[in-house]
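Have a look at my_file.cif below; it lists mmCIF, C-alpha atoms and all ligand atoms.
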```
data_query
loop_
_atom_site.label_atom_id
_atom_site.label_comp_id
_atom_site.auth_asym_id
_atom_site.auth_seq_id
_atom_site.Cartn_x
_atom_site.Cartn_y
_atom_site.Cartn_z
CA MET G 17 129.79 104.05 65.58
CA ASP G 18 132.27 106.91 65.59
CA ARG G 19 135.50 106.53 67.48
CA LYS G 20 134.57 109.04 70.19
CA TYR G 21 131.27 107.29 70.95
CA PHE G 22 132.97 103.89 70.84
CA LEU G 23 135.56 105.00 73.43
CA LYS G 24 132.84 106.44 75.62
CA ALA G 25 130.92 103.18 75.40
CA MET G 26 134.06 101.20 76.30
CA VAL G 27 134.43 103.31 79.45
CA LEU G 28 130.75 103.06 80.24
CA VAL G 29 130.36 99.29 80.00
CA PRO G 30 132.65 98.39 82.92
CA PHE G 31 131.04 101.20 84.94
CA LEU G 32 127.59 99.77 84.34
CA ASN G 33 128.86 96.34 85.32
CA VAL G 34 130.14 97.75 88.61
CA VAL G 35 126.79 99.43 89.27
CA ALA G 36 124.97 96.19 88.49
CA LYS G 37 127.36 94.28 90.76
CA ASN G 38 126.86 96.76 93.61
CA ASP G 39 123.09 96.54 93.22
CA GLN G 40 123.37 92.79 93.29
CA GLU G 41 125.52 92.90 96.43
CA GLU G 42 123.05 95.20 98.16
CA LEU G 43 120.25 92.81 97.33
CA THR G 44 122.28 89.86 98.52
CA ASN G 45 123.21 91.59 101.76
CA ALA G 46 119.57 92.48 102.39
CA THR G 47 118.66 88.86 101.78
CA ILE G 48 121.34 87.32 103.97
CA GLU G 49 121.00 89.83 106.80
CA PRO G 50 117.41 89.30 107.83
CA CYS G 51 118.01 89.60 111.59
CA LYS G 52 117.36 93.29 111.81
CA THR G 53 114.14 95.05 112.70
CA GLY G 54 114.23 98.54 111.25
CA ARG G 55 113.30 101.69 113.13
CA ASP G 56 110.21 103.63 112.16
CA ALA G 57 108.51 106.89 113.15
CA GLU G 58 107.00 107.11 116.64
CA GLY G 59 104.26 109.43 115.36
CA PRO G 60 102.28 111.86 117.52
CA PHE G 61 100.09 109.37 119.43
CA TYR G 62 102.41 107.54 121.83
CA LYS G 63 101.45 107.54 125.53
CA PRO G 64 103.70 105.98 128.16
CA ASP G 65 102.48 103.73 130.97
CA ALA G 66 99.92 101.66 129.06
CA PRO G 67 98.56 98.76 131.16
CA LEU G 68 100.28 95.38 131.11
CA ARG G 69 97.85 93.10 129.22
CA ASN G 70 97.85 90.89 126.18
CA VAL G 71 94.25 91.52 125.18
CA ILE G 72 94.60 95.03 123.90
CA GLU G 73 91.39 95.82 122.01
CA THR G 74 88.23 93.82 121.33
CA GLU G 75 86.05 96.22 119.29
CA GLY G 76 86.82 95.51 115.64
CA ASP G 77 88.17 92.88 113.26
CA PRO G 78 90.02 90.39 115.55
CA LEU G 79 93.78 90.07 115.18
CA TYR G 80 96.11 87.69 116.98
CA ILE G 81 99.86 88.24 116.78
CA LYS G 82 102.48 85.93 118.14
CA GLY G 83 106.20 86.24 117.87
CA LYS G 84 109.58 86.30 119.49
CA VAL G 85 112.14 88.87 120.45
CA LEU G 86 115.60 87.66 119.43
CA LYS G 87 119.10 89.03 119.53
CA GLY G 88 119.95 90.43 116.09
CA ASP G 89 123.67 89.67 116.43
CA ASP G 90 123.23 85.92 116.22
CA CYS G 91 119.62 85.72 114.98
CA LYS G 92 118.64 83.22 117.65
CA THR G 93 119.28 84.11 121.30
CA PRO G 94 115.89 84.81 122.92
CA VAL G 95 115.49 88.14 124.69
CA SER G 96 113.48 87.42 127.83
CA LYS G 97 111.66 90.03 129.91
CA ALA G 98 111.59 92.47 127.01
CA ILE G 99 108.74 94.95 127.34
CA ILE G 100 106.75 95.46 124.16
CA ASP G 101 104.70 98.63 124.23
CA ILE G 102 101.93 98.54 121.61
CA TRP G 103 99.55 101.23 120.37
CA HIS G 104 97.26 101.61 117.38
CA CYS G 105 94.06 103.35 116.31
CA ASN G 106 90.59 102.01 117.10
CA LYS G 107 88.12 100.69 114.52
CA HIS G 108 87.20 104.28 113.58
CA GLY G 109 90.83 105.20 112.85
CA GLU G 110 91.22 107.25 116.05
CA TYR G 111 93.81 107.12 118.85
CA ASP G 112 92.68 107.32 122.46
CA MET G 113 94.69 110.18 123.96
CA LYS G 114 92.63 110.40 127.17
CA GLY G 115 92.72 106.76 128.25
CA PHE G 116 94.47 103.59 127.20
CA ASN G 117 92.08 101.99 124.73
CA SER G 118 93.98 100.19 121.95
CA ARG G 119 97.17 100.38 124.03
CA GLY G 120 98.99 97.80 126.08
CA GLN G 121 102.34 96.47 127.18
CA ILE G 122 103.41 92.84 127.20
CA LYS G 123 106.49 91.05 128.36
CA THR G 124 108.43 88.24 126.64
CA ASP G 125 108.81 84.92 128.45
CA ALA G 126 112.06 83.03 129.08
CA SER G 127 112.16 81.88 125.44
CA GLY G 128 111.56 85.39 124.10
CA ASN G 129 107.96 84.55 123.14
CA TYR G 130 105.10 86.99 123.22
CA ASN G 131 101.55 87.15 121.94
CA PHE G 132 98.64 89.52 122.03
CA ALA G 133 95.07 89.77 120.83
CA THR G 134 93.72 93.02 119.42
CA ILE G 135 92.02 94.28 116.26
CA LEU G 136 93.32 94.84 112.77
CA PRO G 137 93.57 98.65 112.77
CA PRO G 138 91.95 100.34 109.78
CA PRO G 139 93.91 102.72 107.56
CA TYR G 140 93.45 106.39 108.53
CA GLY G 141 94.16 109.55 106.56
CA SER G 142 96.91 108.70 104.10
CA ARG G 143 98.30 105.97 106.37
CA THR G 144 98.16 102.30 105.61
CA ARG G 145 97.15 99.83 108.35
CA HIS G 146 99.84 99.68 111.02
CA ILE G 147 100.60 98.95 114.65
CA HIS G 148 103.18 100.93 116.62
CA PHE G 149 105.74 99.16 118.79
CA LYS G 150 108.38 100.22 121.29
CA ILE G 151 110.60 97.47 122.63
CA ARG G 152 112.75 97.85 125.72
CA ALA G 153 115.10 95.23 127.08
CA ALA G 154 118.07 95.38 129.42
CA GLY G 155 121.32 95.69 127.48
CA PHE G 156 119.66 96.78 124.22
CA LYS G 157 118.88 100.14 122.70
CA GLU G 158 115.16 100.95 122.75
CA LEU G 159 113.55 100.17 119.40
CA THR G 160 110.58 102.17 118.06
CA THR G 161 109.01 100.70 114.98
CA GLN G 162 105.79 99.92 113.12
CA LEU G 163 104.27 96.72 111.77
CA TYR G 164 102.46 96.57 108.42
CA PHE G 165 100.20 94.11 106.64
CA GLU G 166 100.65 92.53 103.26
CA GLY G 167 98.03 93.25 100.63
CA ASP G 168 96.95 96.59 102.08
CA PRO G 169 96.08 98.86 99.12
CA ASN G 170 97.93 101.84 100.67
CA ILE G 171 101.09 99.93 101.54
CA ASN G 172 103.23 101.84 99.03
CA ASN G 173 101.96 105.27 100.03
CA ASP G 174 103.71 106.11 103.28
CA PHE G 175 106.39 105.09 105.82
CA ALA G 176 105.57 101.48 104.95
CA ARG G 177 107.42 101.99 101.68
CA ASN G 178 110.71 101.89 103.60
CA ALA G 179 109.85 98.88 105.76
CA GLU G 180 111.95 95.76 105.32
CA VAL G 181 110.15 92.52 104.49
CA ASN G 182 110.18 91.35 108.15
CA ARG G 183 107.86 94.22 109.08
CA VAL G 184 105.22 93.58 106.42
CA ILE G 185 103.48 90.42 107.56
CA SER G 186 100.88 88.22 105.94
CA LEU G 187 97.70 87.31 107.81
CA ASN G 188 95.88 84.03 107.81
CA LYS G 189 92.18 84.28 108.69
CA LYS G 190 90.89 81.30 110.70
CA ASN G 191 87.52 81.16 112.45
CA GLY G 192 87.10 84.89 111.98
CA ILE G 193 90.48 85.77 113.51
CA ASN G 194 93.37 87.25 111.52
CA ASN G 195 96.56 85.48 112.59
CA GLY G 196 100.05 86.78 112.05
CA ALA G 197 103.60 86.35 113.31
CA PHE G 198 106.17 89.08 113.95
CA ILE G 199 109.75 88.34 114.96
CA ILE G 200 111.57 91.31 116.43
CA TYR G 201 115.37 91.51 116.37
CA LEU G 202 117.16 93.78 118.81
FE FE V 301 99.79 105.47 113.76
#
```

Represent the structure contained in this file as structure tokens.
Ligand SMILES: [Fe+2]
Amino acid sequence: MDRKYFLKAMVLVPFLNVVAKNDQEELTNATIEPCKTGRDAEGPFYKPDAPLRNVIETEGDPLYIKGKVLKGDDCKTPVSKAIIDIWHCNKHGEYDMKGFNSRGQIKTDASGNYNFATILPPPYGSRTRHIHFKIRAAGFKELTTQLYFEGDPNINNDFARNAEVNRVISLNKKNGINNGAFIIYL
């Protein structure tokens, strides 16, 4: 090794160590700061004033989601009376822009719990399977986000690529119903 290259390498090694350390710290922070639900695109198909109901759609592959809305600051305080506004495409990959099919709003109970029954939306266009959410609660900034499903072949193709692990959920099929859990942090 000539002297010039050796000196360059000496300078480079600590630099690489710092980069590796920073990467490590970022990974660690992401791992120890799980109480954050990331924002995601609203997309062009949102309609306000969907009916209050927790059976949202019945035509398709049944999906049951239960979860909680919690305060992100401490990871545990339930957010009661949060309104969760949900919309997704129907079993043909289409959004109902005239009525409120595949749309609904639900409210969390005193422990921050919510649940709803709907269908597992199919992928459409270049989009992977997803459900849109808007969450409103007194004292918190409105959160618009999307939920994704593990194992979907298109999961690395679109917005889902940027989703944190909390927003890509696994499903457990029991008696013909896909079951999943989604905790939302405000
Ligand atoms: Fe969508």

For this session: Return as an MDAnalysis selection string the residues of protein, DNA or RNA that approach ligand FE 301 (chain V) to within 12 Å, with all atoms listed in the file taken into account.
Result: chainID G and resid 56:62 102:106 109:112 118:119 137:149 161:164 174:176

Contacts of Ala154 of chain G at 10 Å or less, counting all atoms listed in the file, minus same-chain residues fewer than 5 places along, as a PDB file with C-alpha atoms, keeping the file's coordinate frame?
```pdb
ATOM      1  CA  VAL G  95     115.490  88.140 124.690  1.00  0.00           C
ATOM      2  CA  SER G  96     113.480  87.420 127.830  1.00  0.00           C
ATOM      3  CA  LYS G  97     111.660  90.030 129.910  1.00  0.00           C
ATOM      4  CA  ALA G  98     111.590  92.470 127.010  1.00  0.00           C
ATOM      5  CA  ILE G  99     108.740  94.950 127.340  1.00  0.00           C
TER       6      ILE G  99
END
```

Give me the residues of segment 87-147 of chain G that have any atom at most 10 Å from an atom of segment 191-194 of chain G; for each, the nearest atom pair and the distance in Å, rounded to one decimal. Use only C-alpha atoms, sort by chain and number, and format it as CSV.
```
residue,atom,partner,partner_atom,distance
G:Ala133,CA,G:Ile193,CA,9.5
G:Thr134,CA,G:Asn194,CA,9.8
G:Ile135,CA,G:Asn194,CA,8.6
G:Leu136,CA,G:Asn194,CA,7.7
```

Problem set entry | Gap from atom CA of Gly88 of chain G to atom CA of Lys52 of chain G - Å, one decimal | 5.8 Å

Exercise. Hey, what's within 10 Å of segment 77-87 of chain G if we count all atoms listed in the file and toss same-chain stuff fewer than 3 positions away? As a PyMOL selection string, please?
Worked result: chain G and resi 51-52+70-71+73-74+90-100+107+123-125+127-138+151+153+156+187-189+192-202

I need the chosen residues saved as a PDB file, in the coordinates of the input, with C-alpha atoms.
```
ATOM      1  CA  CYS G  51     118.010  89.600 111.590  1.00  0.00           C
ATOM      2  CA  LYS G  52     117.360  93.290 111.810  1.00  0.00           C
ATOM      3  CA  ASN G  70      97.850  90.890 126.180  1.00  0.00           C
ATOM      4  CA  VAL G  71      94.250  91.520 125.180  1.00  0.00           C
ATOM      5  CA  GLU G  73      91.390  95.820 122.010  1.00  0.00           C
ATOM      6  CA  THR G  74      88.230  93.820 121.330  1.00  0.00           C
ATOM      7  CA  ASP G  90     123.230  85.920 116.220  1.00  0.00           C
ATOM      8  CA  CYS G  91     119.620  85.720 114.980  1.00  0.00           C
ATOM      9  CA  LYS G  92     118.640  83.220 117.650  1.00  0.00           C
ATOM     10  CA  THR G  93     119.280  84.110 121.300  1.00  0.00           C
ATOM     11  CA  PRO G  94     115.890  84.810 122.920  1.00  0.00           C
ATOM     12  CA  VAL G  95     115.490  88.140 124.690  1.00  0.00           C
ATOM     13  CA  SER G  96     113.480  87.420 127.830  1.00  0.00           C
ATOM     14  CA  LYS G  97     111.660  90.030 129.910  1.00  0.00           C
ATOM     15  CA  ALA G  98     111.590  92.470 127.010  1.00  0.00           C
ATOM     16  CA  ILE G  99     108.740  94.950 127.340  1.00  0.00           C
ATOM     17  CA  ILE G 100     106.750  95.460 124.160  1.00  0.00           C
ATOM     18  CA  LYS G 107      88.120 100.690 114.520  1.00  0.00           C
ATOM     19  CA  LYS G 123     106.490  91.050 128.360  1.00  0.00           C
ATOM     20  CA  THR G 124     108.430  88.240 126.640  1.00  0.00           C
ATOM     21  CA  ASP G 125     108.810  84.920 128.450  1.00  0.00           C
ATOM     22  CA  SER G 127     112.160  81.880 125.440  1.00  0.00           C
ATOM     23  CA  GLY G 128     111.560  85.390 124.100  1.00  0.00           C
ATOM     24  CA  ASN G 129     107.960  84.550 123.140  1.00  0.00           C
ATOM     25  CA  TYR G 130     105.100  86.990 123.220  1.00  0.00           C
ATOM     26  CA  ASN G 131     101.550  87.150 121.940  1.00  0.00           C
ATOM     27  CA  PHE G 132      98.640  89.520 122.030  1.00  0.00           C
ATOM     28  CA  ALA G 133      95.070  89.770 120.830  1.00  0.00           C
ATOM     29  CA  THR G 134      93.720  93.020 119.420  1.00  0.00           C
ATOM     30  CA  ILE G 135      92.020  94.280 116.260  1.00  0.00           C
ATOM     31  CA  LEU G 136      93.320  94.840 112.770  1.00  0.00           C
ATOM     32  CA  PRO G 137      93.570  98.650 112.770  1.00  0.00           C
ATOM     33  CA  PRO G 138      91.950 100.340 109.780  1.00  0.00           C
ATOM     34  CA  ILE G 151     110.600  97.470 122.630  1.00  0.00           C
ATOM     35  CA  ALA G 153     115.100  95.230 127.080  1.00  0.00           C
ATOM     36  CA  PHE G 156     119.660  96.780 124.220  1.00  0.00           C
ATOM     37  CA  LEU G 187      97.700  87.310 107.810  1.00  0.00           C
ATOM     38  CA  ASN G 188      95.880  84.030 107.810  1.00  0.00           C
ATOM     39  CA  LYS G 189      92.180  84.280 108.690  1.00  0.00           C
ATOM     40  CA  GLY G 192      87.100  84.890 111.980  1.00  0.00           C
ATOM     41  CA  ILE G 193      90.480  85.770 113.510  1.00  0.00           C
ATOM     42  CA  ASN G 194      93.370  87.250 111.520  1.00  0.00           C
ATOM     43  CA  ASN G 195      96.560  85.480 112.590  1.00  0.00           C
ATOM     44  CA  GLY G 196     100.050  86.780 112.050  1.00  0.00           C
ATOM     45  CA  ALA G 197     103.600  86.350 113.310  1.00  0.00           C
ATOM     46  CA  PHE G 198     106.170  89.080 113.950  1.00  0.00           C
ATOM     47  CA  ILE G 199     109.750  88.340 114.960  1.00  0.00           C
ATOM     48  CA  ILE G 200     111.570  91.310 116.430  1.00  0.00           C
ATOM     49  CA  TYR G 201     115.370  91.510 116.370  1.00  0.00           C
ATOM     50  CA  LEU G 202     117.160  93.780 118.810  1.00  0.00           C
TER      51      LEU G 202
END
```

Problem set entry | Interatomic distance (Å, one decimal) between atom CA of Pro64 of chain G and atom CA of Lys114 of chain G |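 Going from atom CA of Pro64 of chain G over to atom CA of Lys114 of chain G covers 12.0 Å.
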